[in-house]
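Have a look at model.txt; it's compact mmCIF, C-alpha atoms:
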```txt
# COMPACT_ATOMS: atom_id res chain seq x y z
CA MET O 1 122.76 92.22 130.12
CA ALA O 2 123.54 92.84 133.74
CA SER O 3 123.46 89.96 136.15
CA ILE O 4 121.38 90.37 139.29
CA ASN O 5 122.68 87.43 141.27
CA PHE O 6 123.30 89.95 144.04
CA LEU O 7 119.57 90.60 144.35
CA MET O 8 118.83 87.86 146.83
CA THR O 9 120.30 84.74 148.34
CA SER O 10 116.96 83.08 148.99
CA LYS O 11 113.28 83.67 148.33
CA ASN O 12 112.68 85.15 151.76
CA LYS O 13 115.92 86.96 152.39
CA LYS O 14 116.10 90.62 151.40
CA ASN O 15 119.44 91.87 150.11
CA PRO O 16 120.16 95.46 151.15
CA LEU O 17 121.68 96.26 147.76
CA VAL O 18 118.34 96.15 145.97
CA GLU O 19 115.01 96.48 147.75
CA ARG O 20 112.29 94.08 146.67
CA LYS O 21 110.09 96.89 145.42
CA VAL O 22 108.80 96.85 141.86
CA ASN O 23 107.00 99.47 139.80
CA ILE O 24 105.13 98.12 136.76
CA ILE O 25 104.38 100.69 134.07
CA THR O 26 101.90 99.58 131.41
CA MET O 27 101.76 101.20 127.99
CA GLY O 28 99.04 100.64 125.41
CA CYS O 29 95.86 98.61 125.66
CA SER O 30 93.87 96.86 128.37
CA LYS O 31 95.17 93.50 127.11
CA ASN O 32 98.66 94.62 128.12
CA LEU O 33 97.26 95.67 131.47
CA VAL O 34 96.04 92.12 132.12
CA ASP O 35 99.56 90.83 131.39
CA SER O 36 101.00 93.33 133.88
CA GLU O 37 98.47 92.32 136.51
CA GLN O 38 99.42 88.64 136.15
CA LEU O 39 103.11 89.50 136.53
CA ALA O 40 102.35 91.67 139.57
CA HIS O 41 100.58 88.79 141.32
CA GLN O 42 103.46 86.41 140.61
CA LEU O 43 105.91 88.91 142.06
CA GLU O 44 103.79 89.44 145.17
CA ALA O 45 103.76 85.67 145.63
CA ASN O 46 107.56 85.99 145.78
CA ASP O 47 107.39 88.59 148.57
CA TYR O 48 107.92 91.61 146.34
CA LYS O 49 106.14 94.87 147.07
CA VAL O 50 104.52 95.72 143.73
CA TYR O 51 103.16 99.06 142.54
CA HIS O 52 101.23 99.83 139.38
CA GLU O 53 102.33 103.21 137.98
CA SER O 54 104.01 104.34 141.19
CA PRO O 55 104.26 108.17 141.38
CA THR O 56 107.78 107.78 142.78
CA PRO O 57 110.59 105.66 141.26
CA GLN O 58 111.11 102.17 142.67
CA PRO O 59 114.37 100.16 142.74
CA ILE O 60 113.11 97.68 140.15
CA THR O 61 111.07 99.15 137.26
CA ILE O 62 109.29 97.05 134.65
CA ILE O 63 107.84 98.66 131.50
CA ASN O 64 105.26 96.69 129.54
CA THR O 65 105.48 98.35 126.13
CA CYS O 66 103.15 98.89 123.18
CA GLY O 67 104.38 98.58 119.59
CA PHE O 68 101.12 98.86 117.64
CA ILE O 69 101.39 102.18 115.77
CA LEU O 70 103.87 105.04 115.56
CA ASP O 71 102.39 107.16 118.37
CA ALA O 72 102.31 104.17 120.73
CA LYS O 73 105.88 103.21 119.87
CA GLU O 74 107.13 106.74 120.45
CA GLU O 75 105.32 106.89 123.79
CA SER O 76 106.88 103.61 124.90
CA ILE O 77 110.37 104.69 123.85
CA ALA O 78 109.96 108.01 125.64
CA LYS O 79 109.01 106.17 128.83
CA ILE O 80 112.03 103.84 128.51
CA LEU O 81 114.39 106.81 128.06
CA GLU O 82 112.81 108.58 131.03
CA CYS O 83 113.51 105.53 133.18
CA VAL O 84 117.04 105.22 131.80
CA GLN O 85 117.70 108.74 133.08
CA LEU O 86 116.26 107.80 136.47
CA LYS O 87 118.60 104.84 136.48
CA LYS O 88 121.55 107.11 135.74
CA ASP O 89 120.39 109.29 138.63
CA LYS O 90 120.44 106.20 140.89
CA GLN O 91 116.67 106.29 141.46
CA ILE O 92 116.21 103.01 139.60
CA GLN O 93 118.60 100.09 139.96
CA ILE O 94 117.11 97.46 137.66
CA LEU O 95 115.23 98.33 134.44
CA ILE O 96 113.21 95.63 132.68
CA VAL O 97 111.44 96.18 129.35
CA TYR O 98 109.05 93.71 127.73
CA GLY O 99 105.84 93.56 125.72
CA CYS O 100 104.94 94.31 122.12
CA LEU O 101 107.60 96.93 121.35
CA ALA O 102 110.32 94.72 122.81
CA GLU O 103 108.95 91.74 120.86
CA ARG O 104 109.01 93.69 117.62
CA TYR O 105 112.29 95.59 118.00
CA LYS O 106 114.33 93.57 120.49
CA ASN O 107 117.62 93.76 118.60
CA ASP O 108 117.28 97.48 117.92
CA LEU O 109 116.45 98.24 121.54
CA LYS O 110 119.32 96.10 122.80
CA LYS O 111 121.70 98.04 120.58
CA GLU O 112 120.31 101.56 121.07
CA ILE O 113 119.42 101.42 124.78
CA PRO O 114 122.02 99.20 126.48
CA GLU O 115 121.04 100.59 129.90
CA VAL O 116 118.06 98.21 129.91
CA ASP O 117 118.95 95.21 132.07
CA PHE O 118 116.44 92.76 130.60
CA LEU O 119 114.50 92.74 127.32
CA GLY O 120 111.65 90.31 126.84
CA GLY O 121 108.85 89.82 124.35
CA SER O 122 105.10 89.65 124.71
CA ASN O 123 105.13 86.37 126.65
CA ALA O 124 108.09 87.06 128.92
CA LEU O 125 106.46 86.49 132.31
CA GLU O 126 108.44 83.35 133.19
CA ASN O 127 111.67 84.85 131.87
CA ILE O 128 111.24 87.99 133.95
CA LEU O 129 110.64 85.92 137.07
CA GLN O 130 113.71 83.85 136.29
CA PHE O 131 115.78 86.99 135.77
CA LEU O 132 114.65 88.27 139.17
CA GLU O 133 115.40 84.86 140.70
CA ALA O 134 111.72 84.51 141.56
CA THR O 135 109.61 81.37 141.47
CA TYR O 136 107.00 80.92 138.73
CA TYR O 137 103.69 79.65 140.11
CA PRO O 138 101.62 78.27 137.20
CA GLU O 139 98.78 77.44 139.58
CA LYS O 140 98.48 81.17 140.36
CA LEU O 141 98.38 82.32 136.74
CA LEU O 142 94.65 83.06 136.83
CA CYS O 143 95.15 85.39 139.80
CA ARG O 144 96.01 89.04 139.25
CA LYS O 145 96.85 92.14 141.23
CA ILE O 146 94.41 94.38 139.40
CA ALA O 147 95.57 97.87 138.48
CA THR O 148 92.07 99.22 137.84
CA PRO O 149 89.73 100.50 140.56
CA GLN O 150 88.47 97.55 142.58
CA HIS O 151 84.98 97.57 141.06
CA TYR O 152 85.95 96.81 137.45
CA ALA O 153 88.48 94.60 135.73
CA TYR O 154 89.35 93.26 132.30
CA LEU O 155 89.12 89.62 131.23
CA LYS O 156 91.31 88.74 128.24
CA ILE O 157 89.62 85.83 126.50
CA SER O 158 92.20 85.11 123.79
CA GLU O 159 95.73 85.90 122.71
CA GLY O 160 96.85 87.08 119.28
CA CYS O 161 94.82 87.55 116.11
CA SER O 162 94.14 85.39 113.05
CA HIS O 163 92.94 88.25 110.84
CA GLN O 164 95.34 89.74 108.33
CA CYS O 165 94.25 93.38 108.18
CA ALA O 166 96.67 95.17 105.87
CA PHE O 167 97.52 97.97 108.32
CA CYS O 168 98.03 95.86 111.44
CA ALA O 169 101.19 94.35 112.94
CA ILE O 170 99.49 92.48 115.80
CA PRO O 171 99.54 89.03 114.11
CA LYS O 172 103.30 89.47 113.59
CA ILE O 173 103.80 90.50 117.21
CA ARG O 174 101.32 88.27 119.04
CA GLY O 175 100.79 85.42 116.58
CA LYS O 176 97.52 83.78 115.54
CA GLN O 177 94.55 83.78 117.86
CA ILE O 178 94.61 81.30 120.72
CA SER O 179 91.32 81.20 122.62
CA LYS O 180 91.27 80.34 126.29
CA SER O 181 88.82 77.64 127.34
CA ILE O 182 85.44 78.58 128.77
CA SER O 183 86.23 76.67 131.97
CA THR O 184 89.49 78.58 132.44
CA LEU O 185 87.81 81.93 131.83
CA LYS O 186 84.99 81.09 134.23
CA GLN O 187 87.55 80.27 136.91
CA GLU O 188 89.44 83.50 136.32
CA ALA O 189 86.19 85.50 136.35
CA GLU O 190 85.06 83.87 139.59
CA ILE O 191 88.34 84.90 141.23
CA LEU O 192 87.71 88.49 140.12
CA ALA O 193 84.13 88.36 141.43
CA ASP O 194 85.43 87.11 144.79
CA GLN O 195 87.77 90.13 144.87
CA GLY O 196 84.79 92.47 144.59
CA VAL O 197 84.78 93.20 140.88
CA LYS O 198 81.30 94.28 139.79
CA GLU O 199 81.94 95.19 136.14
CA LEU O 200 83.70 92.61 133.97
CA ILE O 201 85.04 93.93 130.67
CA LEU O 202 85.83 91.28 128.05
CA VAL O 203 88.76 92.13 125.79
CA ALA O 204 90.65 90.46 122.95
CA GLN O 205 91.96 91.55 119.61
CA ASP O 206 88.62 90.25 118.27
CA LEU O 207 85.95 88.96 120.65
CA SER O 208 83.78 87.83 117.72
CA PHE O 209 86.31 85.22 116.62
CA TYR O 210 86.51 83.65 120.09
CA GLY O 211 86.51 79.86 119.98
CA TYR O 212 86.72 79.50 116.21
CA ASP O 213 90.34 78.37 116.45
CA THR O 214 89.44 75.60 118.91
CA HIS O 215 85.90 74.59 117.88
CA ASN O 216 85.58 75.78 114.26
CA ASP O 217 82.57 77.69 115.57
CA TYR O 218 81.99 81.06 117.21
CA GLN O 219 81.81 80.41 120.95
CA LEU O 220 81.38 83.95 122.30
CA PRO O 221 77.62 83.67 122.98
CA LYS O 222 78.22 80.49 124.96
CA LEU O 223 81.04 82.08 126.95
CA VAL O 224 79.03 85.21 127.74
CA GLU O 225 76.07 83.05 128.77
CA GLU O 226 78.27 81.26 131.31
CA LEU O 227 79.87 84.44 132.64
CA ALA O 228 76.46 86.08 133.09
CA LYS O 229 75.55 83.36 135.60
CA ILE O 230 78.41 84.18 137.96
CA ASN O 231 77.27 85.92 141.13
CA GLY O 232 78.74 89.37 141.64
CA PHE O 233 78.88 90.81 138.14
CA GLU O 234 76.22 93.47 137.75
CA TRP O 235 77.67 94.54 134.40
CA ILE O 236 79.46 92.52 131.72
CA ARG O 237 80.84 94.66 128.90
CA LEU O 238 82.07 93.59 125.45
CA HIS O 239 84.99 95.28 123.69
CA TYR O 240 86.30 94.82 120.16
CA LEU O 241 83.83 92.76 118.12
CA TYR O 242 84.90 92.68 114.49
CA PRO O 243 81.96 93.01 112.08
CA ASN O 244 83.04 90.32 109.60
CA SER O 245 82.71 87.51 112.17
CA PHE O 246 80.03 88.95 114.46
CA PRO O 247 77.88 86.10 115.87
CA LEU O 248 74.25 87.23 115.62
CA GLN O 249 73.28 84.77 118.35
CA LEU O 250 75.07 87.12 120.73
CA LEU O 251 72.21 89.61 120.40
CA ASP O 252 69.78 87.08 121.89
CA THR O 253 72.25 86.44 124.72
CA ILE O 254 72.45 90.16 125.49
CA LYS O 255 68.66 90.50 125.50
CA GLU O 256 68.22 87.50 127.81
CA HIS O 257 70.63 88.72 130.51
CA PRO O 258 70.12 92.14 132.12
CA ASN O 259 73.67 92.13 133.51
CA ILE O 260 75.16 92.19 129.99
CA CYS O 261 75.57 95.84 129.06
CA ARG O 262 73.68 97.14 126.05
CA TYR O 263 77.04 98.22 124.67
CA ILE O 264 79.01 96.97 121.67
CA ASP O 265 82.46 98.17 120.66
CA MET O 266 82.83 97.31 116.97
CA PRO O 267 85.90 98.68 115.13
CA ILE O 268 84.73 98.99 111.50
CA GLN O 269 87.73 101.14 110.35
CA HIS O 270 85.99 102.40 107.18
CA ILE O 271 82.82 102.23 105.07
CA SER O 272 84.17 102.57 101.53
CA ASP O 273 84.25 99.21 99.73
CA ASP O 274 87.49 100.11 97.96
CA VAL O 275 89.26 101.01 101.20
CA LEU O 276 87.83 98.01 103.07
CA GLN O 277 89.12 95.75 100.32
CA GLN O 278 92.58 97.31 100.41
CA MET O 279 92.55 96.97 104.19
CA ASN O 280 91.68 93.27 103.78
CA ARG O 281 88.75 93.63 106.17
CA LYS O 282 86.72 90.80 104.54
CA ILE O 283 83.47 92.79 104.57
CA THR O 284 81.68 95.42 102.48
CA GLY O 285 80.19 98.71 103.53
CA ASP O 286 76.69 97.42 102.74
CA LYS O 287 77.17 94.42 105.04
CA ILE O 288 78.39 96.71 107.82
CA ARG O 289 75.25 98.84 107.48
CA LYS O 290 72.99 95.79 107.50
CA LEU O 291 74.72 94.41 110.59
CA LEU O 292 74.38 97.73 112.43
CA ASP O 293 70.72 97.96 111.42
CA THR O 294 70.13 94.43 112.73
CA ILE O 295 71.79 95.26 116.05
CA LYS O 296 69.78 98.47 116.42
CA THR O 297 66.54 96.68 115.54
CA GLN O 298 67.05 93.86 118.02
CA ILE O 299 68.46 96.05 120.82
CA PRO O 300 67.06 99.56 120.24
CA ASP O 301 68.77 101.14 123.25
CA VAL O 302 72.23 99.71 122.50
CA ALA O 303 75.23 102.06 122.60
CA LEU O 304 77.59 101.48 119.69
CA ARG O 305 81.24 102.47 119.74
CA THR O 306 83.65 102.20 116.82
CA SER O 307 87.13 103.14 115.67
CA LEU O 308 88.04 104.43 112.23
CA ILE O 309 91.21 104.94 110.23
CA VAL O 310 91.62 107.96 107.95
CA GLY O 311 94.45 108.54 105.52
CA PHE O 312 94.90 104.91 104.45
CA PRO O 313 97.14 105.02 101.32
CA SER O 314 94.30 104.15 98.92
CA GLU O 315 91.75 106.49 100.53
CA THR O 316 90.60 109.01 97.90
CA LYS O 317 88.65 112.19 98.61
CA LYS O 318 85.55 110.31 97.45
CA ASP O 319 86.26 107.45 99.85
CA PHE O 320 86.72 109.88 102.71
CA GLN O 321 83.50 111.70 101.87
CA GLN O 322 81.66 108.36 102.01
CA LEU O 323 83.04 107.86 105.49
CA ALA O 324 82.11 111.39 106.60
CA ASP O 325 78.56 110.99 105.27
CA PHE O 326 78.25 107.64 107.03
CA VAL O 327 79.34 109.09 110.39
CA GLN O 328 76.78 111.87 109.93
CA GLU O 329 74.04 109.22 109.77
CA GLY O 330 74.48 108.76 113.52
CA TYR O 331 74.93 105.03 113.95
CA PHE O 332 77.55 105.48 116.67
CA ASP O 333 77.25 106.88 120.17
CA ARG O 334 81.03 106.93 120.62
CA LEU O 335 83.78 107.08 118.03
CA GLY O 336 87.56 107.17 117.90
CA VAL O 337 89.61 108.10 114.83
CA PHE O 338 93.19 107.10 114.09
CA THR O 339 95.34 108.57 111.36
CA TYR O 340 96.94 105.82 109.30
CA SER O 341 100.35 104.70 110.56
CA HIS O 342 102.59 103.10 107.91
CA GLU O 343 103.99 100.04 109.68
CA GLU O 344 106.86 97.94 108.36
CA ASN O 345 106.26 94.22 107.79
CA THR O 346 102.53 94.71 107.34
CA PRO O 347 100.83 94.05 103.97
CA ALA O 348 100.12 97.76 103.49
CA GLY O 349 103.61 98.69 104.61
CA LYS O 350 105.13 96.35 102.03
CA LYS O 351 102.84 97.01 99.06
CA LEU O 352 101.53 100.57 99.36
CA THR O 353 103.11 104.00 99.44
CA ASP O 354 102.13 106.25 102.33
CA LYS O 355 101.28 109.11 99.98
CA ILE O 356 98.76 111.12 102.01
CA ALA O 357 100.44 113.97 103.88
CA ALA O 358 100.34 113.93 107.66
CA LYS O 359 98.65 117.35 107.66
CA GLU O 360 95.86 116.03 105.44
CA LYS O 361 95.41 112.94 107.64
CA ILE O 362 94.97 115.18 110.67
CA ARG O 363 92.50 117.39 108.77
CA ARG O 364 90.40 114.33 107.92
CA GLN O 365 90.60 113.08 111.49
CA GLU O 366 89.41 116.43 112.84
CA GLN O 367 86.56 116.58 110.32
CA ILE O 368 85.25 113.18 111.39
CA LEU O 369 85.57 114.11 115.07
CA ASP O 370 83.70 117.37 114.43
CA ILE O 371 80.86 115.47 112.79
CA GLN O 372 80.71 112.97 115.63
CA HIS O 373 80.74 115.82 118.14
CA GLY O 374 77.42 116.97 116.73
CA VAL O 375 76.03 113.44 116.65
CA SER O 376 77.07 112.80 120.25
CA PHE O 377 75.59 116.11 121.39
CA GLN O 378 72.20 115.27 119.89
CA LYS O 379 72.21 111.76 121.35
CA ASN O 380 73.10 113.08 124.80
CA GLN O 381 70.43 115.76 124.66
CA GLN O 382 67.88 112.98 124.25
CA LYS O 383 69.00 111.54 127.60
CA ILE O 384 67.92 114.62 129.58
CA GLY O 385 65.10 113.60 131.90
CA GLN O 386 65.98 109.90 131.76
CA THR O 387 66.86 107.92 134.88
CA LEU O 388 69.88 105.66 134.44
CA GLN O 389 71.64 103.20 136.70
CA ILE O 390 75.20 104.43 137.20
CA ILE O 391 78.34 103.17 138.87
CA ILE O 392 80.56 105.63 140.73
CA ASP O 393 84.23 105.70 139.64
CA GLU O 394 85.50 108.67 141.65
CA THR O 395 84.39 110.99 144.45
CA TYR O 396 85.62 114.46 145.37
CA SER O 397 84.64 117.04 147.99
CA ASN O 398 81.32 118.04 146.47
CA TYR O 399 80.81 115.91 143.37
CA ALA O 400 81.20 112.38 142.05
CA ILE O 401 81.95 110.90 138.64
CA GLY O 402 80.09 107.87 137.36
CA ARG O 403 79.09 105.99 134.22
CA SER O 404 76.05 104.22 132.84
CA GLU O 405 76.03 100.81 131.19
CA PHE O 406 76.39 102.70 127.90
CA ASP O 407 79.86 103.98 128.78
CA SER O 408 83.15 102.15 129.21
CA PRO O 409 85.76 103.50 131.65
CA GLU O 410 88.31 106.04 130.43
CA VAL O 411 87.07 106.21 126.81
CA ASP O 412 83.39 107.18 126.96
CA ASN O 413 80.99 109.64 128.58
CA THR O 414 81.14 110.42 132.26
CA ILE O 415 78.18 111.40 134.42
CA ILE O 416 78.90 114.15 136.94
CA ILE O 417 76.92 114.15 140.18
CA HIS O 418 76.95 117.47 142.09
CA THR O 419 75.95 116.90 145.69
CA THR O 420 76.34 118.24 149.21
CA ASP O 421 75.84 114.69 150.51
CA ILE O 422 79.07 113.22 149.14
CA GLN O 423 79.70 111.14 152.29
CA ASN O 424 76.76 108.93 151.32
CA ILE O 425 78.11 108.19 147.82
CA SER O 426 80.71 105.43 147.55
CA VAL O 427 83.06 104.45 144.75
CA GLY O 428 82.03 101.15 143.20
CA ASN O 429 78.39 101.40 144.25
CA PHE O 430 75.40 101.65 141.92
CA TYR O 431 72.80 104.42 142.08
CA ASN O 432 69.83 105.61 140.07
CA ALA O 433 70.46 109.06 138.64
CA LYS O 434 68.27 111.44 136.67
CA ILE O 435 70.04 113.24 133.81
CA VAL O 436 69.55 117.02 134.11
CA LYS O 437 72.13 118.41 131.68
CA ALA O 438 74.19 117.15 128.73
CA ASP O 439 76.88 118.17 126.30
CA ALA O 440 78.70 116.10 123.68
CA PHE O 441 80.82 114.09 126.10
CA ASP O 442 79.56 114.55 129.64
CA LEU O 443 76.24 114.35 131.41
CA GLU O 444 75.15 115.88 134.70
CA ALA O 445 72.70 114.07 136.96
CA LYS O 446 71.09 113.96 140.37
CA ILE O 447 70.91 110.86 142.55
CA ILE O 448 67.31 109.83 143.19
```
Have the structure of the file written as structure tokens, please.
Amino acid sequence: MASINFLMTSKNKKNPLVERKVNIITMGCSKNLVDSEQLAHQLEANDYKVYHESPTPQPITIINTCGFILDAKEESIAKILECVQLKKDKQIQILIVYGCLAERYKNDLKKEIPEVDFLGGSNALENILQFLEATYYPEKLLCRKIATPQHYAYLKISEGCSHQCAFCAIPKIRGKQISKSISTLKQEAEILADQGVKELILVAQDLSFYGYDTHNDYQLPKLVEELAKINGFEWIRLHYLYPNSFPLQLLDTIKEHPNICRYIDMPIQHISDDVLQQMNRKITGDKIRKLLDTIKTQIPDVALRTSLIVGFPSETKKDFQQLADFVQEGYFDRLGVFTYSHEENTPAGKKLTDKIAAKEKIRRQEQILDIQHGVSFQKNQQKIGQTLQIIIDETYSNYAIGRSEFDSPEVDNTIIIHTTDIQNISVGNFYNAKIVKADAFDLEAKII
């Protein structure tokens, strides 16, 4: 790998050969985004000018990659190759690649893309700083240069995953779950609140399992209880709660605190017992139904989001029909569908043959999405005439885009506000809005 000793002679002295400007490009999930934000803050503490997703190339470019499934890997590789070309065109001088893809395929990347100056794994923050001859400040690790709009931010409560789902490579990439302490997370959350964050979105590979590795007990309700007391957060949102370890006490916590969104993102993946068993999900379809019924009974207005996988090697036509019928029942307000990706060094990748054709996987995906389209349309129609509290994400010349507590940014419904009084609507502020029109994915409303 190239040496960059020419970059600087001291922390505060800028070498004309390479400007201290960094563009951080984040691929994949919001957990990766948190990692990028931590790195960005460390670099700023070393007098770098840092951009997230700069529209123009910067002298030093850092790509935080995703290596979860085939589509994500291909997207990361395409971005690396795009930046390699920019480097050849002299628009980038230093190219750094790290994250999940680099963790998983470091030797292959080193061999196939030698233009990359530094390759690091998922926990490469200190190594990147060292490579850039920058100082690592452990006392600043809880501080981040957030890449999201100022009014919302993600809080990653644990690293890794201790589940062994047959289709998933995350435990191989990130290791077993390591939960952060409640005191550490409170401190990090308070820093975000002081920066003006109003919506805190908790993320992990599995929120449900939080604390079990450290206390042999599910600590998520206790953590959420503490975070709900912090001044500044009007919404606290929960992403990725696995059903097999869901702590029912959490429902009482949600009901007791109005600033915890009535929103649960629960990736169930399937409903067929045979497929769930082959996936090693540690739960049956009947138990999933009972859990969802319990949640709906205790919090009737809750919005449920899930993700599903179609085309798993053992999925028969009967299994798929069970899943389609289940989606038709309308448990979920939001739903994402992945086609199965056959990943090496996973239990399914080692033991099963990926025998379902890609065309058939896509057909099944589209069928589920078509069913959910109808479900979502009916649910949204029921919202017409309701008044919801919304937060504004974007404003334009004569309309604004917002969300309710039932919608997470970038993945769920948006609420469009048409107005001639746009100067009195501000991004990051909350308003009451009456829903006047709805389709399957978007609502229209008037500020009242």
Report as JSON the centre and the edge lengths, in Å to one decimal, of the axis-aligned box holding every listed atom of stretch 235-245 of chain O, padded by 3 Å on each side.
```
{"center_x": 82.0, "center_y": 91.4, "center_z": 122.0, "size_x": 14.6, "size_y": 13.8, "size_z": 30.8}
```
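Atom to atom, atom CA of O:Glu82 and atom CA of O:Val116 stand 11.7 Å apart.
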Handout entry: Residues within 7 Å of O:Asn398, all atoms listed in the file, excluding chain neighbours under 2 positions, as a ChimeraX atom specification
Key = /O:396,418-420,422
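Remark: for O:Cys66, the closest of the candidate residues O:Gly99, O:Asp89, O:Leu276, O:Asp47 is O:Gly99 (distances computed over only C-alpha atoms).
Each of O:Val375, O:Val18, O:Ile60, O:Leu292 was checked against O:Gly330 using only C-alpha atoms; the smallest atom-to-atom distance is that of O:Val375.
For the pair atom CA of O:Ala348 and atom CA of O:Ile309, the separation is 13.3 Å.
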